[in-house]
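Okay, entry-v8.txt is below, compact mmCIF, C-alpha atoms:
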```txt
# COMPACT_ATOMS: atom_id res chain seq x y z
CA MET M 167 69.44 -21.43 -24.75
CA GLU M 168 67.21 -21.05 -27.79
CA ASN M 169 65.05 -23.93 -26.56
CA GLN M 170 64.20 -22.16 -23.31
CA LYS M 171 60.61 -21.32 -22.59
CA PRO M 172 59.73 -17.62 -22.82
CA GLY M 173 58.89 -15.55 -19.74
CA MET M 174 55.32 -15.77 -18.48
CA LEU M 175 55.11 -12.35 -16.88
CA ALA M 176 54.30 -10.29 -19.97
CA PRO M 177 51.59 -12.65 -21.31
CA ALA M 178 50.07 -12.88 -17.82
CA LEU M 179 50.06 -9.11 -17.37
CA ILE M 180 48.50 -8.47 -20.78
CA GLY M 181 45.94 -11.28 -20.52
CA GLY M 182 45.12 -10.34 -16.92
CA ALA M 183 44.69 -6.68 -17.73
CA VAL M 184 42.36 -7.46 -20.65
CA ALA M 185 40.31 -9.92 -18.59
CA GLY M 186 40.19 -7.65 -15.52
CA ILE M 187 39.03 -4.60 -17.48
CA LEU M 188 36.40 -6.46 -19.48
CA SER M 189 35.01 -8.27 -16.44
CA GLY M 190 34.69 -5.00 -14.54
CA ILE M 191 32.90 -2.93 -17.16
CA PRO M 192 29.11 -2.76 -16.77
CA LEU M 193 27.19 -4.49 -19.56
CA LEU M 194 30.30 -6.42 -20.65
CA ASN M 195 30.50 -8.08 -17.23
CA CYS M 196 27.34 -10.04 -18.02
CA LEU M 197 29.71 -12.69 -19.36
CA CYS M 198 30.77 -13.43 -15.78
CA CYS M 199 33.76 -15.75 -15.44
CA LEU M 200 34.07 -16.21 -19.19
CA TRP M 201 36.28 -13.13 -19.46
CA ILE M 202 38.83 -14.61 -17.06
CA ILE M 203 38.96 -17.88 -18.97
CA GLY M 204 39.17 -15.92 -22.23
CA GLY M 205 41.97 -13.70 -20.86
CA ALA M 206 43.98 -16.73 -19.80
CA ILE M 207 43.46 -18.35 -23.22
CA PHE M 208 44.80 -15.11 -24.73
CA ALA M 209 47.80 -15.19 -22.36
CA SER M 210 48.50 -18.77 -23.44
CA TYR M 211 48.34 -17.66 -27.04
CA LEU M 212 50.90 -14.92 -26.37
CA LEU M 213 53.10 -17.39 -24.50
CA SER M 214 52.97 -20.02 -27.24
CA ARG M 215 53.67 -17.42 -29.93
CA GLY M 216 57.00 -16.59 -28.33
CA SER M 217 57.91 -20.16 -27.40
CA PRO M 218 60.34 -22.19 -29.50
CA VAL M 219 59.46 -25.34 -27.51
CA THR M 220 56.25 -27.25 -26.94
CA LEU M 221 54.35 -25.95 -23.93
CA THR M 222 52.95 -28.39 -21.42
CA ALA M 223 49.51 -28.25 -19.84
CA GLY M 224 51.34 -27.32 -16.64
CA ASP M 225 52.82 -24.26 -18.39
CA GLY M 226 49.30 -23.26 -19.36
CA ALA M 227 48.17 -23.68 -15.77
CA ILE M 228 50.96 -21.46 -14.43
CA VAL M 229 50.46 -18.63 -16.90
CA GLY M 230 46.70 -18.92 -16.31
CA ILE M 231 47.10 -18.67 -12.53
CA PHE M 232 49.19 -15.50 -12.89
CA THR M 233 46.69 -14.11 -15.40
CA GLY M 234 43.86 -14.72 -12.96
CA ILE M 235 45.65 -12.95 -10.11
CA VAL M 236 46.43 -9.92 -12.31
CA ALA M 237 42.81 -9.90 -13.51
CA ALA M 238 41.53 -9.92 -9.92
CA VAL M 239 43.61 -6.86 -9.03
CA VAL M 240 42.66 -4.97 -12.20
CA ASP M 241 38.99 -5.87 -11.76
CA ALA M 242 39.03 -4.68 -8.13
CA ILE M 243 40.63 -1.36 -9.11
CA ILE M 244 38.30 -0.52 -11.95
CA SER M 245 35.22 -1.76 -10.10
CA ILE M 246 35.57 1.00 -7.48
CA PRO M 247 34.68 3.94 -9.76
CA LEU M 248 32.26 1.82 -11.80
CA ALA M 249 30.29 0.40 -8.86
CA ALA M 250 27.54 3.01 -9.07
CA VAL M 251 27.21 2.60 -12.85
CA ASN M 252 27.08 -1.15 -12.43
CA ARG M 253 24.29 -0.90 -9.88
CA GLU M 254 22.34 1.43 -12.15
CA PHE M 255 22.79 -1.01 -15.02
CA ILE M 256 21.38 -3.91 -13.00
CA LEU M 257 18.44 -1.79 -11.85
CA ASN M 258 17.70 -0.88 -15.48
CA ILE M 259 17.71 -4.53 -16.48
CA MET M 260 15.34 -5.33 -13.64
CA GLU M 261 12.99 -2.52 -14.68
CA LYS M 262 12.84 -3.92 -18.21
CA ILE M 263 12.35 -7.46 -17.00
CA LYS M 264 9.46 -6.59 -14.65
CA GLU M 265 6.84 -6.96 -17.34
CA TYR M 266 7.87 -10.58 -17.95
CA ALA M 267 8.26 -11.40 -14.28
CA ASP M 268 4.87 -12.81 -13.30
CA GLU M 269 6.38 -16.02 -12.01
CA MET M 270 9.17 -14.47 -9.97
CA PRO M 271 9.02 -14.67 -6.17
CA ALA M 272 7.47 -11.70 -4.38
CA GLY M 273 9.84 -8.94 -3.45
CA TRP M 274 12.54 -9.86 -5.97
CA GLU M 275 12.58 -6.36 -7.42
CA THR M 276 13.59 -4.87 -4.08
CA TRP M 277 16.60 -7.13 -3.82
CA LEU M 278 19.18 -4.46 -4.56
CA GLU M 279 17.46 -1.90 -2.36
CA GLY M 280 17.72 -4.42 0.45
CA GLY M 281 21.49 -4.49 0.12
CA GLY M 282 21.74 -7.78 -1.72
CA ALA M 283 25.00 -6.81 -3.41
CA ALA M 284 26.18 -4.13 -1.03
CA THR M 285 29.80 -4.28 0.07
CA THR M 286 31.92 -2.36 2.54
CA PHE M 287 35.62 -1.52 2.20
CA THR M 288 36.61 -4.52 4.33
CA MET M 289 34.39 -6.70 2.18
CA GLN M 290 36.11 -5.37 -0.93
CA ILE M 291 39.54 -6.26 0.42
CA PHE M 292 38.35 -9.69 1.40
CA GLY M 293 36.58 -9.94 -1.94
CA LEU M 294 39.86 -9.21 -3.67
CA LEU M 295 41.55 -12.09 -1.87
CA ILE M 296 38.69 -14.44 -2.66
CA SER M 297 38.50 -13.32 -6.27
CA ALA M 298 42.27 -13.74 -6.64
CA VAL M 299 41.90 -17.38 -5.62
CA VAL M 300 38.85 -17.98 -7.80
CA PHE M 301 40.26 -16.07 -10.78
CA ALA M 302 43.49 -18.05 -10.42
CA ALA M 303 41.54 -21.32 -10.68
CA LEU M 304 39.54 -20.05 -13.66
CA GLY M 305 42.73 -18.66 -15.18
CA ALA M 306 44.45 -22.03 -14.81
CA LEU M 307 41.57 -23.59 -16.70
CA GLY M 308 41.80 -20.98 -19.46
CA GLY M 309 45.57 -21.34 -19.65
CA ILE M 310 45.34 -25.10 -20.07
CA ILE M 311 42.67 -24.75 -22.77
CA GLY M 312 44.83 -22.11 -24.46
CA VAL M 313 47.83 -24.44 -24.54
CA SER M 314 45.75 -27.18 -26.10
CA LEU M 315 44.56 -24.66 -28.70
CA PHE M 316 47.79 -22.91 -29.59
CA SER M 317 50.79 -24.94 -28.45
CA LYS M 318 53.05 -26.30 -31.17
CA LYS M 319 52.92 -30.05 -31.45
CA SER M 320 56.06 -32.14 -30.96
CA PRO M 321 56.88 -35.85 -30.82
CA PRO M 322 56.09 -37.37 -27.40
CA GLN M 323 58.94 -37.32 -24.91
CA ASP M 324 59.39 -39.95 -22.25
CA MET M 325 60.26 -37.68 -19.34
CA GLY M 326 57.58 -38.64 -16.90
CA VAL M 327 55.74 -35.45 -17.71
CA THR M 328 53.13 -35.40 -20.42
CA ASP M 329 52.98 -32.68 -23.03
CA ALA M 330 49.91 -30.79 -24.05
CA ALA M 331 49.39 -32.58 -27.32
CA GLU M 332 45.84 -33.42 -28.15
CA ASP M 333 44.51 -36.84 -27.42
CA THR M 334 44.22 -38.68 -30.70
CA GLY M 335 41.52 -40.88 -29.34
CA ASP M 336 43.61 -44.04 -28.83
CA ARG M 337 43.20 -44.09 -25.06
CA LYS M 338 45.66 -46.18 -23.12
CA SER M 339 44.31 -47.28 -19.79
CA MET F 491 54.70 -37.32 -2.65
CA ASN F 492 54.67 -39.92 -5.36
CA ARG F 493 52.88 -39.65 -8.69
CA ARG F 494 49.83 -41.64 -7.59
CA SER F 495 49.34 -39.53 -4.44
CA ILE F 496 49.50 -36.31 -6.45
CA ILE F 497 46.97 -37.53 -8.99
CA LEU F 498 44.56 -38.58 -6.23
CA ALA F 499 45.10 -35.37 -4.24
CA VAL F 500 44.38 -33.17 -7.26
CA TYR F 501 41.23 -35.13 -8.05
CA PHE F 502 39.77 -35.18 -4.56
CA LEU F 503 40.68 -31.57 -3.80
CA THR F 504 38.98 -30.50 -7.03
CA LEU F 505 35.92 -32.57 -6.21
CA THR F 506 35.71 -31.31 -2.63
CA GLY F 507 36.36 -27.70 -3.63
CA THR F 508 33.66 -27.78 -6.30
CA ALA F 509 31.14 -29.36 -3.92
CA LEU F 510 31.92 -26.69 -1.32
CA TRP F 511 31.59 -23.99 -3.95
CA LEU F 512 28.15 -25.25 -4.98
CA GLY F 513 27.14 -25.54 -1.34
CA ILE F 514 27.95 -21.87 -0.68
CA ILE F 515 25.88 -20.85 -3.73
CA PHE F 516 22.83 -22.42 -2.07
CA LEU F 517 23.78 -21.45 1.46
CA ALA F 518 23.73 -17.72 0.67
CA PRO F 519 19.97 -17.42 -0.01
CA PHE F 520 19.19 -19.83 2.81
CA LEU F 521 21.03 -17.62 5.30
CA LYS F 522 19.42 -14.56 3.74
CA SER F 523 16.02 -16.08 4.47
CA LEU F 524 17.10 -16.37 8.12
CA ASP F 525 18.18 -12.71 8.10
CA SER F 526 21.74 -13.74 8.82
CA GLY F 527 24.42 -11.13 8.13
CA LEU F 528 26.67 -13.89 6.87
CA SER F 529 24.60 -14.06 3.69
CA VAL F 530 25.92 -10.66 2.57
CA PHE F 531 29.42 -12.02 2.96
CA LEU F 532 28.60 -15.13 0.94
CA TYR F 533 26.94 -13.13 -1.84
CA ALA F 534 30.00 -10.84 -1.90
CA ILE F 535 32.28 -13.82 -2.52
CA PHE F 536 30.59 -14.42 -5.86
CA SER F 537 30.11 -10.81 -6.92
CA PRO F 538 33.46 -10.51 -8.78
CA ILE F 539 32.71 -13.53 -10.95
CA CYS F 540 28.99 -13.17 -11.61
CA HIS F 541 26.70 -10.23 -12.36
CA GLN F 542 24.17 -11.71 -9.86
CA VAL F 543 21.22 -10.13 -11.68
CA PRO F 544 18.21 -11.49 -9.73
CA SER F 545 15.99 -11.85 -12.79
CA ARG F 546 18.60 -14.14 -14.34
CA SER F 547 19.01 -16.27 -11.24
CA PHE F 548 17.16 -19.20 -9.73
CA TYR F 549 15.58 -18.74 -6.31
CA PHE F 550 16.04 -20.73 -3.15
CA PHE F 551 14.11 -20.04 0.05
CA GLY F 552 12.68 -16.93 -1.62
CA PHE F 553 16.01 -15.34 -2.51
CA PRO F 554 18.24 -15.50 -5.59
CA LEU F 555 21.13 -17.93 -5.59
CA ALA F 556 24.58 -16.39 -5.30
CA VAL F 557 25.21 -16.83 -9.04
CA CYS F 558 23.10 -16.53 -12.20
CA GLY F 559 21.52 -19.49 -14.00
CA ARG F 560 24.31 -19.85 -16.53
CA CYS F 561 27.06 -19.84 -13.90
CA LEU F 562 25.09 -22.35 -11.82
CA GLY F 563 24.90 -24.60 -14.90
CA ILE F 564 28.65 -24.30 -15.45
CA TYR F 565 29.43 -25.29 -11.86
CA PHE F 566 26.91 -28.15 -11.91
CA GLY F 567 28.34 -29.34 -15.20
CA PHE F 568 31.84 -29.08 -13.79
CA ILE F 569 31.14 -31.27 -10.77
CA VAL F 570 29.34 -33.86 -12.90
CA GLY F 571 32.32 -33.84 -15.26
CA VAL F 572 34.67 -34.33 -12.31
CA LEU F 573 32.60 -37.29 -11.09
CA PHE F 574 32.65 -38.96 -14.52
CA TYR F 575 36.27 -38.15 -15.29
CA PRO F 576 37.87 -41.28 -13.75
CA PHE F 577 35.50 -43.53 -15.71
CA LEU F 578 35.80 -41.74 -19.04
CA ARG F 579 39.49 -40.84 -19.08
CA GLY F 580 41.18 -42.57 -16.18
CA LEU F 581 42.83 -40.52 -13.45
CA PRO F 582 46.45 -41.08 -14.52
CA ASN F 583 45.72 -39.83 -18.05
CA THR F 584 47.07 -36.28 -18.34
CA LYS F 585 46.58 -35.95 -22.08
CA LEU F 586 44.24 -33.15 -23.02
CA PRO F 587 41.15 -34.08 -25.06
CA ARG F 588 40.89 -33.15 -28.71
CA ILE F 589 40.26 -29.46 -29.10
CA LYS F 590 37.37 -30.21 -31.48
CA THR F 591 35.48 -31.55 -28.46
CA PHE F 592 35.96 -28.29 -26.61
CA VAL F 593 34.89 -26.21 -29.62
CA PHE F 594 31.82 -28.41 -30.14
CA PHE F 595 30.65 -28.05 -26.51
CA SER F 596 31.50 -24.34 -26.49
CA LEU F 597 29.37 -23.46 -29.52
CA PRO F 598 26.00 -23.33 -27.69
CA ILE F 599 27.29 -21.00 -24.96
CA ILE F 600 29.09 -18.78 -27.49
CA ILE F 601 26.05 -18.50 -29.76
CA ASP F 602 23.67 -17.93 -26.85
CA THR F 603 25.92 -15.34 -25.20
CA VAL F 604 26.46 -13.41 -28.43
CA GLY F 605 22.74 -13.53 -29.25
CA ASN F 606 21.76 -12.24 -25.82
CA PHE F 607 24.48 -9.64 -25.84
CA LEU F 608 23.39 -8.25 -29.22
CA GLY F 609 19.75 -8.30 -28.13
CA LEU F 610 18.75 -10.83 -30.81
CA TRP F 611 16.95 -12.94 -28.23
CA ALA F 612 16.60 -13.31 -24.47
CA THR F 613 17.19 -16.85 -23.27
CA PRO F 614 15.10 -17.92 -20.25
CA ASN F 615 16.89 -19.19 -17.19
CA LEU F 616 16.36 -22.92 -17.70
CA PRO F 617 17.96 -23.03 -21.17
CA ARG F 618 20.78 -20.85 -19.81
CA LEU F 619 21.31 -23.40 -17.06
CA ILE F 620 21.39 -26.27 -19.58
CA ILE F 621 23.76 -24.43 -21.93
CA GLY F 622 26.07 -23.63 -19.03
CA PHE F 623 25.86 -27.24 -17.85
CA LEU F 624 26.93 -28.59 -21.26
CA TRP F 625 29.96 -26.32 -21.30
CA GLY F 626 30.83 -26.98 -17.68
CA LEU F 627 30.83 -30.74 -18.38
CA THR F 628 33.87 -30.42 -20.64
CA LEU F 629 35.98 -28.20 -18.39
CA PRO F 630 37.26 -30.84 -15.91
CA PHE F 631 38.68 -32.77 -18.86
CA TYR F 632 41.12 -29.88 -19.32
CA PHE F 633 41.39 -28.68 -15.73
CA LEU F 634 42.26 -32.00 -14.09
CA PRO F 635 44.98 -33.16 -16.51
CA GLY F 636 46.44 -29.65 -16.65
CA ILE F 637 46.68 -29.18 -12.89
CA THR F 638 47.91 -32.74 -12.43
CA ASP F 639 50.56 -32.16 -15.09
CA PHE F 640 51.59 -28.95 -13.31
CA PHE F 641 52.17 -30.74 -9.98
CA LEU F 642 53.82 -33.73 -11.65
CA SER F 643 56.24 -31.38 -13.38
CA LEU F 644 57.11 -29.92 -9.97
CA ILE F 645 58.09 -33.29 -8.53
CA HIS F 646 59.89 -34.10 -11.77
CA LYS F 647 62.02 -30.96 -11.28
CA GLU F 648 62.60 -31.85 -7.63
CA GLU F 649 63.82 -35.30 -8.60
CA LYS F 650 65.99 -33.85 -11.35
CA PHE F 651 67.68 -31.18 -9.25
CA GLY F 652 67.66 -33.00 -5.94
```
The structure given in the file should be rewritten as structure tokens.
Amino acid sequence: MENQKPGMLAPALIGGAVAGILSGIPLLNCLCCLWIIGGAIFASYLLSRGSPVTLTAGDGAIVGIFTGIVAAVVDAIISIPLAAVNREFILNIMEKIKEYADEMPAGWETWLEGGGAATTFTMQIFGLLISAVVFAALGALGGIIGVSLFSKKSPPQDMGVTDAAEDTGDRKS
Amino acid sequence: MNRRSIILAVYFLTLTGTALWLGIIFLAPFLKSLDSGLSVFLYAIFSPICHQVPSRSFYFFGFPLAVCGRCLGIYFGFIVGVLFYPFLRGLPNTKLPRIKTFVFFSLPIIIDTVGNFLGLWATPNLPRLIIGFLWGLTLPFYFLPGITDFFLSLIHKEEKFG
């Protein structure tokens, strides 16, 4: 029993909450998808810390997918009250950037006023579904990277499934 | 499904999905230029994963793309990485690359992001695109073996437990 892999729920919840909050906060959300990848790397770190066995890249993908879904829900929840602040933040950036914007296409500064990023409630629900899928993909990526960063190394096992050990460069084709 | 089918399915679904994703990024401003209501929907798809600040985006048909320059670079880099993956690593190879490679390619985007965030400098859009591209190039070399390994482990369990 002591060689069992630890549960993925807690790392996914923690990593997803961190990623969702950070990606929803104005100013911090300028890092775009990087927060989701970072959150999933963090979840992988938590998972590997509590794991007595070597984690596979597939383990990283699973915990990352869960992390992404949690992050999408958290992001959607905290984005509701912060939407107005976010919009104000973007408008402030655009005001500051105007003086350097000689080469921008005409009318770019009225983009937000024209409803470029406007969303309705239905859109937000649909957006949540879409972002859950996209965050899950980004989370899988982060989880896999996290496993390659933090997973304990072990001798290769011939089980038909590869482990997450780093490639030593001696490629076998 | 056998091992070979899974490996091919993961690769071609990733390639197709990424191409579709890039297509929507360009389709959004094009539809906006035609005053189509669908453009709002397409922009909304990307709003949770990109700040979509117009001044930090490239323009197409007079309107900003659905993602900023850095994100566009990441997605472009990703699809180029996917295209080169079979030649550089071989599709059946599910070993992850050395982590030093990832750290090396991540340094520019980390330094640039931190510098911009702290207000030390403001990177123009083209260098942001290039920096994002460099980082995006490395990502399929983790994503593809990881996802392939995930699905292979599923069939391994199926075979093991009937």
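Distances to Leu179 of chain M were evaluated for M:Ala223, M:Ile191, M:Leu200, M:Val229 using only C-alpha atoms, and the minimum falls at M:Val229.
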Q: Kindly give the distance, in Å, that separates atom CA of Ile539 of chain F and atom CA of Ala303 of chain M, rounded to a single decimal.
A: 11.8 Å
Q. Do you know which residues are at most 7 Å from segment 232-241 of chain M counting only C-alpha atoms, after dropping those on the same chain fewer than 5 positions away, and could you put them as a PyMOL selection string?
A. chain M and resi 178-179+181-183+185-187+189-190+202+206+294+297-298+301-302+304-305
Output the selection as an mmCIF file, keeping the file's coordinate frame - C-alpha atoms for each residue.
```cif
data_model
loop_
_atom_site.group_PDB
_atom_site.id
_atom_site.type_symbol
_atom_site.label_atom_id
_atom_site.label_comp_id
_atom_site.auth_asym_id
_atom_site.auth_seq_id
_atom_site.Cartn_x
_atom_site.Cartn_y
_atom_site.Cartn_z
ATOM 1 C CA ALA M 178 50.070 -12.880 -17.820
ATOM 2 C CA LEU M 179 50.060 -9.110 -17.370
ATOM 3 C CA GLY M 181 45.940 -11.280 -20.520
ATOM 4 C CA GLY M 182 45.120 -10.340 -16.920
ATOM 5 C CA ALA M 183 44.690 -6.680 -17.730
ATOM 6 C CA ALA M 185 40.310 -9.920 -18.590
ATOM 7 C CA GLY M 186 40.190 -7.650 -15.520
ATOM 8 C CA ILE M 187 39.030 -4.600 -17.480
ATOM 9 C CA SER M 189 35.010 -8.270 -16.440
ATOM 10 C CA GLY M 190 34.690 -5.000 -14.540
ATOM 11 C CA ILE M 202 38.830 -14.610 -17.060
ATOM 12 C CA ALA M 206 43.980 -16.730 -19.800
ATOM 13 C CA LEU M 294 39.860 -9.210 -3.670
ATOM 14 C CA SER M 297 38.500 -13.320 -6.270
ATOM 15 C CA ALA M 298 42.270 -13.740 -6.640
ATOM 16 C CA PHE M 301 40.260 -16.070 -10.780
ATOM 17 C CA ALA M 302 43.490 -18.050 -10.420
ATOM 18 C CA LEU M 304 39.540 -20.050 -13.660
ATOM 19 C CA GLY M 305 42.730 -18.660 -15.180
#
```
Q.
What's the separation between atom CA of Ser547 of chain F and atom CA of Phe566 of chain F, in Å to one decimal place?
A.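 We find that atom CA of Ser547 of chain F and atom CA of Phe566 of chain F lie 14.3 Å from each other.
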**Q.** Interface list for chain F, partner chain M, 6 Å threshold, all atoms listed in the file, as a PyMOL selection string
**A.** chain F and resi 535+539-541+585-588+633+636+639-640+643
Q: May I have the residues within 9 Å of segment 521-529 of chain F as JSON, numbers by chain, using all atoms listed in the file and disregarding those fewer than 5 positions away in the same chain?
A: {"M": [282], "F": [516, 534, 550, 551, 552, 553]}
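Interatomic distance, atom CA of Ile599 of chain F against atom CA of Arg618 of chain F: 8.3 Å.
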Q | Protein/DNA/RNA residues near (30.9, -31.5, -17.9), cut 9 Å, all atoms listed in the file, as a VMD selection string | A | chain F and resid 564 to 572 574 to 575 623 to 631
Q. From the list M:Ile291, M:Ile243, M:Leu213, M:Ile231, which residue is nearest Ser317 of chain M when using only C-alpha atoms?
A.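 Residue with the minimum atom-to-atom distance to Ser317 of chain M: M:Leu213.
Those residues that approach segment 606-615 of chain F to within 8 Å, counting all atoms listed in the file, are Arg546, Ser547, Phe548, Gly559 and Arg560 of chain F; same-chain residues fewer than 5 positions away are not listed.
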